[in-house]
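S.K.: Quick one: the structure is below, and I'll ask about it shortly.
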Amino acid sequence: MNLLSDNLRGILLMNLAMLVFTLNDTAMKAVMQTMPLFQAITLRGIVTTAGLLIMALVMRQLVLLPPGRDMGIMTLRTAAEVAATLTFLTALQHMDLANLSAIMQSLPLVVTLAAALIFKERIGWRRLSAILVGFVGVILIIQPGTSGFTVWSLLGLASVLTVMVRDLAARGVSSAVPSLTVALWASLAVTIMGGIGILFEQPVALTGWNALLLLAAAANLIIGYLTVVMVMRAGDIGLIAPFRYMSLIWALIAGWLLFNSLPDALTLIGATIVVGSGIFTLLRERHLKRAARA
């Protein structure tokens, strides 16, 4: 009964994490319709960094300079986070929210394949087949050679690759570095990047509406960071992980309600293939781990 309760709590937390991350993206897309990219990144980053710093101090999870090998890995992860933020938000500025979210659903497939190539983690023919099928779904989403294909679709794929580097680098960070410190490093670096970018933009006056949107984005980002950490400590992560695909559902709802946009049929078919392949891969990995423990 306790395990069931832990799993249910983990599933609810994962759904909450995907919701708040989508709300963050939605708020940022709305802000960037009237505010330059780097100004929006900087203002959101200031609030997010301040919130994470306060929490890290209160919870005594602040490690300014990670020891030894962690320093190099943290630097790589943080650089990947900066690149991921820049590519994702630039693509988001020019793409429908749901379309970009559909591309991002290929992330678990890319991470699984990259882990096999880089860390020599074994993947059987079933998971490899699912990954290849998932990539077919990605092609249907970006629709190369058609009028629906744009350079922003490629930037969305670049975002997937940078997030993949970030996630793989995170595997090498030791438990001596608290999760809040990892998040704080990332937030601070992204904020600094935004501040440098402002030098090449023409900032606009901050309206009350944009201020509320940026505060909402920062608040949702902080909640997302915390809930993701809590998810990793609740229940069977192999069972919980597939619920990350709820982010696509939230993105479809937000895009329809707030931006009056929905993906075309081909994109929805591709997204369904990607999600199905990803869920199969995650559940297959869970099955193999349980069999190995048995």
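Letters A, B, ... mark the chains of the structure tokens in the order given; residue numbers begin at 1 per chain; ligand numbers begin at 1, in order shown.
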Write out as a list of chain:residue names which residues come within 7 Å of region 165-174 of chain A when counting only C-alpha atoms, dropping same-chain ones fewer than 4 positions away.
M.R.: A:Asp70, A:Ile73, A:Met74, A:Leu76, A:Arg77, A:Ala80, A:Glu81, A:Leu161
S.K.: Generate the output file for the selected residues, N, CA and C atoms, as a short mmCIF file (atom, residue, chain, number, x, y, z; two decimals), in the first residue's frame.
M.R.:
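Generated file (again02.cif):
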```cif
data_model
loop_
_atom_site.label_atom_id
_atom_site.label_comp_id
_atom_site.auth_asym_id
_atom_site.auth_seq_id
_atom_site.Cartn_x
_atom_site.Cartn_y
_atom_site.Cartn_z
N ASP A 70 33.37 17.36 -10.12
CA ASP A 70 32.03 17.95 -10.26
C ASP A 70 32.07 19.32 -10.91
N ILE A 73 32.03 18.91 -14.75
CA ILE A 73 30.74 18.39 -15.21
C ILE A 73 29.65 19.44 -15.05
N MET A 74 29.68 20.15 -13.94
CA MET A 74 28.69 21.22 -13.72
C MET A 74 28.84 22.33 -14.75
N LEU A 76 29.94 21.96 -17.84
CA LEU A 76 29.37 21.43 -19.08
C LEU A 76 27.86 21.45 -19.04
N ARG A 77 27.28 21.01 -17.92
CA ARG A 77 25.83 20.98 -17.80
C ARG A 77 25.24 22.38 -17.89
N ALA A 80 25.30 23.72 -21.39
CA ALA A 80 24.24 23.09 -22.18
C ALA A 80 22.88 23.69 -21.82
N GLU A 81 22.67 24.03 -20.55
CA GLU A 81 21.43 24.66 -20.12
C GLU A 81 21.25 26.02 -20.79
N LEU A 161 18.83 18.45 -28.73
CA LEU A 161 20.20 17.97 -28.61
C LEU A 161 20.92 18.62 -27.43
#
```
S.K.: Leaving out Leu248 (chain A) and any residue of its chain fewer than 5 positions from it, which residues lie within 12 Å of it when counting only C-alpha atoms, given as an MDAnalysis selection string?
M.R.: chainID A and resid 15 18:19 21:23 25 97:106 242:243 253:255 262:263 267:268 271:272 274:275
S.K.: Which neighbours of Leu57 (chain A) fall inside 12 Å, counting only C-alpha atoms, when residues of the same chain fewer than 6 positions from it are skipped, and could you give them as a ChimeraX atom specification?
M.R.: /A:50-51,63-64,178,180-181,184
S.K.: Keeping only C-alpha atoms, write those residues as a short mmCIF file (atom, residue, chain, number, x, y, z; two decimals), in the first residue's frame.
M.R.:
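Generated output (part_27.cif):
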```cif
data_model
loop_
_atom_site.label_atom_id
_atom_site.label_comp_id
_atom_site.auth_asym_id
_atom_site.auth_seq_id
_atom_site.Cartn_x
_atom_site.Cartn_y
_atom_site.Cartn_z
CA ALA A 50 16.73 35.08 -6.37
CA GLY A 51 14.05 32.54 -5.45
CA VAL A 63 27.59 24.77 -2.81
CA LEU A 64 29.20 27.67 -4.67
CA PRO A 178 22.58 19.40 -4.00
CA LEU A 180 19.09 23.22 -5.74
CA THR A 181 22.71 24.17 -6.38
CA LEU A 184 20.85 27.75 -9.20
#
```
S.K.: Can you tell me, as a PDB file with C-alpha atoms, in the first residue's frame, what residues are no more than 12 Å from Thr281 (chain A) when counting only C-alpha atoms, ignoring any on the same chain fewer than 4 positions away?
M.R.:
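Generated output (around.pdb):
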```pdb
ATOM      1  CA  SER A 106      11.618  13.051 -28.732  1.00  0.00           C
ATOM      2  CA  LEU A 107      14.030  13.874 -25.901  1.00  0.00           C
ATOM      3  CA  PRO A 108      13.781  10.527 -24.024  1.00  0.00           C
ATOM      4  CA  LEU A 109      14.463   8.665 -27.280  1.00  0.00           C
ATOM      5  CA  VAL A 110      17.499  10.836 -28.035  1.00  0.00           C
ATOM      6  CA  VAL A 111      18.846  10.463 -24.485  1.00  0.00           C
ATOM      7  CA  THR A 112      18.453   6.662 -24.600  1.00  0.00           C
ATOM      8  CA  LEU A 113      20.265   6.432 -27.933  1.00  0.00           C
ATOM      9  CA  ILE A 123      19.782  -1.365 -25.686  1.00  0.00           C
ATOM     10  CA  GLY A 124      18.034  -4.339 -27.258  1.00  0.00           C
ATOM     11  CA  TRP A 125      16.425  -4.509 -30.669  1.00  0.00           C
ATOM     12  CA  ARG A 126      12.995  -3.646 -29.247  1.00  0.00           C
ATOM     13  CA  ARG A 127      14.058  -0.316 -27.808  1.00  0.00           C
ATOM     14  CA  LEU A 128      16.244   0.454 -30.826  1.00  0.00           C
ATOM     15  CA  SER A 129      13.278  -0.216 -33.104  1.00  0.00           C
ATOM     16  CA  ALA A 130      11.073   2.033 -30.961  1.00  0.00           C
ATOM     17  CA  ILE A 131      13.678   4.811 -31.192  1.00  0.00           C
ATOM     18  CA  LEU A 132      13.832   4.536 -34.987  1.00  0.00           C
ATOM     19  CA  VAL A 133      10.030   4.589 -35.210  1.00  0.00           C
ATOM     20  CA  GLY A 134      10.013   7.636 -32.941  1.00  0.00           C
ATOM     21  CA  GLY A 238      10.207   3.797 -14.382  1.00  0.00           C
ATOM     22  CA  LEU A 239       6.445   3.854 -13.822  1.00  0.00           C
ATOM     23  CA  ALA A 241       8.504   8.762 -16.171  1.00  0.00           C
ATOM     24  CA  PRO A 242       5.968   8.159 -19.000  1.00  0.00           C
ATOM     25  CA  VAL A 274       6.867   9.864 -30.828  1.00  0.00           C
ATOM     26  CA  VAL A 275       4.924   9.628 -27.557  1.00  0.00           C
ATOM     27  CA  GLY A 276       4.033   5.981 -28.143  1.00  0.00           C
ATOM     28  CA  SER A 277       7.646   5.100 -28.928  1.00  0.00           C
ATOM     29  CA  GLU A 285      13.669  -0.096 -19.630  1.00  0.00           C
ATOM     30  CA  ARG A 286      11.675  -0.435 -16.404  1.00  0.00           C
ATOM     31  CA  HIS A 287      10.886  -4.073 -17.212  1.00  0.00           C
ATOM     32  CA  LEU A 288      14.556  -4.889 -17.855  1.00  0.00           C
TER      33      LEU A 288
END
```
S.K.: Point out the residue among A:Trp209, A:Trp250, A:Tyr225, A:Phe88 with the least atom-to-atom distance to Ser179 (chain A), counting only C-alpha atoms.
M.R.: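 Under the stated criterion, the closest residue is A:Tyr225.
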S.K.: So, with only C-alpha atoms as the atoms that count, which of A:Leu221, A:Ala27, A:Met193, A:Ala84 lies closest to Val160 (chain A)?
M.R.: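 The closest residue to Val160 (chain A) is A:Ala84.
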S.K.: Distance CA of Gln202 (chain A)-CA of Gln33 (chain A), one decimal place?
M.R.: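 We find that CA of Gln202 (chain A) and CA of Gln33 (chain A) lie 14.2 Å from each other.
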S.K.: Based on DSSP run over this structure's backbone, return all residues of region 23-173 of chain A in helix (DSSP H, G or I), as a VMD selection string.
M.R.: chain A and resid 23 to 31 37 to 58 69 to 94 97 to 104 107 to 118 125 to 142 151 to 170
S.K.: For C-alpha atoms, I'd like the residues from the last selection saved as a JSON list (two decimals), in the first residue's frame.
M.R.:
```
[["chain", "number", "residue", "atom", "x", "y", "z"],
["A", 23, "LEU", "CA", 2.72, 27.43, -18.00],
["A", 24, "ASN", "CA", 6.24, 28.90, -17.88],
["A", 25, "ASP", "CA", 6.60, 28.40, -21.64],
["A", 26, "THR", "CA", 3.14, 29.88, -22.24],
["A", 27, "ALA", "CA", 3.89, 32.98, -20.19],
["A", 28, "MET", "CA", 7.25, 33.48, -21.92],
["A", 29, "LYS", "CA", 5.67, 33.14, -25.38],
["A", 30, "ALA", "CA", 3.08, 35.75, -24.45],
["A", 31, "VAL", "CA", 5.76, 38.12, -23.12],
["A", 37, "LEU", "CA", 14.04, 37.78, -26.21],
["A", 38, "PHE", "CA", 17.04, 38.58, -24.03],
["A", 39, "GLN", "CA", 15.21, 41.17, -21.97],
["A", 40, "ALA", "CA", 12.53, 38.60, -21.17],
["A", 41, "ILE", "CA", 15.16, 35.97, -20.29],
["A", 42, "THR", "CA", 17.00, 38.39, -18.01],
["A", 43, "LEU", "CA", 13.98, 39.65, -16.10],
["A", 44, "ARG", "CA", 12.64, 36.13, -15.59],
["A", 45, "GLY", "CA", 16.11, 34.97, -14.61],
["A", 46, "ILE", "CA", 16.57, 37.61, -11.93],
["A", 47, "VAL", "CA", 13.39, 36.51, -10.14],
["A", 48, "THR", "CA", 14.11, 32.79, -10.62],
["A", 49, "THR", "CA", 17.72, 33.06, -9.43],
["A", 50, "ALA", "CA", 16.73, 35.08, -6.37],
["A", 51, "GLY", "CA", 14.05, 32.54, -5.45],
["A", 52, "LEU", "CA", 16.39, 29.56, -5.89],
["A", 53, "LEU", "CA", 19.14, 31.30, -3.91],
["A", 54, "ILE", "CA", 16.82, 31.98, -0.98],
["A", 55, "MET", "CA", 15.63, 28.37, -0.96],
["A", 56, "ALA", "CA", 19.17, 27.01, -1.24],
["A", 57, "LEU", "CA", 20.26, 29.14, 1.75],
["A", 58, "VAL", "CA", 17.23, 28.22, 3.85],
["A", 69, "ARG", "CA", 35.47, 16.47, -10.95],
["A", 70, "ASP", "CA", 32.03, 17.95, -10.26],
["A", 71, "MET", "CA", 33.26, 21.39, -11.27],
["A", 72, "GLY", "CA", 33.98, 20.36, -14.85],
["A", 73, "ILE", "CA", 30.74, 18.39, -15.21],
["A", 74, "MET", "CA", 28.69, 21.22, -13.72],
["A", 75, "THR", "CA", 30.32, 23.66, -16.13],
["A", 76, "LEU", "CA", 29.37, 21.43, -19.08],
["A", 77, "ARG", "CA", 25.83, 20.98, -17.80],
["A", 78, "THR", "CA", 25.39, 24.70, -17.21],
["A", 79, "ALA", "CA", 26.69, 25.58, -20.68],
["A", 80, "ALA", "CA", 24.24, 23.09, -22.18],
["A", 81, "GLU", "CA", 21.43, 24.66, -20.12],
["A", 82, "VAL", "CA", 22.27, 28.10, -21.53],
["A", 83, "ALA", "CA", 22.29, 26.74, -25.09],
["A", 84, "ALA", "CA", 19.04, 24.85, -24.48],
["A", 85, "THR", "CA", 17.28, 27.94, -23.14],
["A", 86, "LEU", "CA", 18.45, 30.11, -26.02],
["A", 87, "THR", "CA", 17.49, 27.64, -28.76],
["A", 88, "PHE", "CA", 14.17, 26.69, -27.16],
["A", 89, "LEU", "CA", 12.94, 30.20, -26.46],
["A", 90, "THR", "CA", 14.05, 31.48, -29.86],
["A", 91, "ALA", "CA", 12.13, 28.64, -31.52],
["A", 92, "LEU", "CA", 9.16, 29.24, -29.19],
["A", 93, "GLN", "CA", 9.08, 32.88, -30.23],
["A", 94, "HIS", "CA", 8.37, 31.84, -33.83],
["A", 97, "LEU", "CA", 3.64, 26.08, -28.55],
["A", 98, "ALA", "CA", 2.18, 22.62, -29.25],
["A", 99, "ASN", "CA", 4.36, 22.07, -32.35],
["A", 100, "LEU", "CA", 7.55, 22.81, -30.44],
["A", 101, "SER", "CA", 6.35, 20.69, -27.52],
["A", 102, "ALA", "CA", 5.76, 17.81, -29.96],
["A", 103, "ILE", "CA", 9.37, 18.04, -31.14],
["A", 104, "MET", "CA", 10.61, 18.09, -27.53],
["A", 107, "LEU", "CA", 14.03, 13.87, -25.90],
["A", 108, "PRO", "CA", 13.78, 10.53, -24.02],
["A", 109, "LEU", "CA", 14.46, 8.66, -27.28],
["A", 110, "VAL", "CA", 17.50, 10.84, -28.04],
["A", 111, "VAL", "CA", 18.85, 10.46, -24.49],
["A", 112, "THR", "CA", 18.45, 6.66, -24.60],
["A", 113, "LEU", "CA", 20.26, 6.43, -27.93],
["A", 114, "ALA", "CA", 23.02, 8.84, -26.87],
["A", 115, "ALA", "CA", 23.58, 6.94, -23.61],
["A", 116, "ALA", "CA", 24.04, 3.75, -25.63],
["A", 117, "LEU", "CA", 26.56, 5.42, -27.94],
["A", 118, "ILE", "CA", 28.48, 7.41, -25.32],
["A", 125, "TRP", "CA", 16.43, -4.51, -30.67],
["A", 126, "ARG", "CA", 13.00, -3.65, -29.25],
["A", 127, "ARG", "CA", 14.06, -0.32, -27.81],
["A", 128, "LEU", "CA", 16.24, 0.45, -30.83],
["A", 129, "SER", "CA", 13.28, -0.22, -33.10],
["A", 130, "ALA", "CA", 11.07, 2.03, -30.96],
["A", 131, "ILE", "CA", 13.68, 4.81, -31.19],
["A", 132, "LEU", "CA", 13.83, 4.54, -34.99],
["A", 133, "VAL", "CA", 10.03, 4.59, -35.21],
["A", 134, "GLY", "CA", 10.01, 7.64, -32.94],
["A", 135, "PHE", "CA", 12.40, 9.45, -35.26],
["A", 136, "VAL", "CA", 9.96, 8.78, -38.11],
["A", 137, "GLY", "CA", 7.38, 10.58, -35.96],
["A", 138, "VAL", "CA", 9.79, 13.53, -35.59],
["A", 139, "ILE", "CA", 10.09, 13.75, -39.39],
["A", 140, "LEU", "CA", 6.30, 13.89, -39.64],
["A", 141, "ILE", "CA", 6.28, 16.72, -37.09],
["A", 142, "ILE", "CA", 8.88, 18.92, -38.77],
["A", 151, "VAL", "CA", 14.35, 27.01, -39.79],
["A", 152, "TRP", "CA", 12.65, 27.28, -36.40],
["A", 153, "SER", "CA", 11.84, 23.57, -36.57],
["A", 154, "LEU", "CA", 15.57, 22.89, -36.90],
["A", 155, "LEU", "CA", 16.20, 25.17, -33.93],
["A", 156, "GLY", "CA", 13.69, 23.08, -31.96],
["A", 157, "LEU", "CA", 15.70, 19.96, -32.84],
["A", 158, "ALA", "CA", 18.87, 21.77, -31.76],
["A", 159, "SER", "CA", 17.16, 22.42, -28.44],
["A", 160, "VAL", "CA", 16.51, 18.69, -28.05],
["A", 161, "LEU", "CA", 20.20, 17.97, -28.61],
["A", 162, "THR", "CA", 21.36, 20.58, -26.10],
["A", 163, "VAL", "CA", 18.92, 19.31, -23.48],
["A", 164, "MET", "CA", 20.25, 15.81, -24.17],
["A", 165, "VAL", "CA", 23.79, 17.02, -23.39],
["A", 166, "ARG", "CA", 22.50, 18.68, -20.22],
["A", 167, "ASP", "CA", 20.72, 15.54, -19.02],
["A", 168, "LEU", "CA", 23.63, 13.22, -19.78],
["A", 169, "ALA", "CA", 26.04, 15.59, -18.01],
["A", 170, "ALA", "CA", 23.72, 15.60, -14.99]]
```
S.K.: Quick check, in Å to one decimal: how far apart do CA of Thr34 (chain A) and CA of Thr191 (chain A) lie?
M.R.: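 Going from CA of Thr34 (chain A) over to CA of Thr191 (chain A), I get 19.4 Å.
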S.K.: One decimal, Å: what's the distance from CA of Arg244 (chain A) over to CA of Met14 (chain A), could you say?
M.R.: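 Separation between CA of Arg244 (chain A) and CA of Met14 (chain A): 6.3 Å.
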S.K.: Restricting the calculation to only C-alpha atoms: of A:Gly10, A:Gly68, A:Pro203, A:Gly278, which residue gets closest to Met32 (chain A)?
M.R.: A:Pro203
S.K.: For each of A:Ser187, A:Met230, A:Ala251, A:Phe259, take the minimum atom-to-atom distance to Ala218 (chain A), counting only C-alpha atoms, then give the residue where this is smallest.
M.R.: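 When distances to Ala218 (chain A) are compared using only C-alpha atoms, the smallest one comes from A:Ser187.
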S.K.: Looking at only C-alpha atoms, which of A:Ile223, A:Val204, A:Ile240, A:Leu188 is the one that sits closest to Leu16 (chain A)?
M.R.: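 Between A:Ile223, A:Val204, A:Ile240, A:Leu188, the residue approaching Leu16 (chain A) most closely is A:Ile223.
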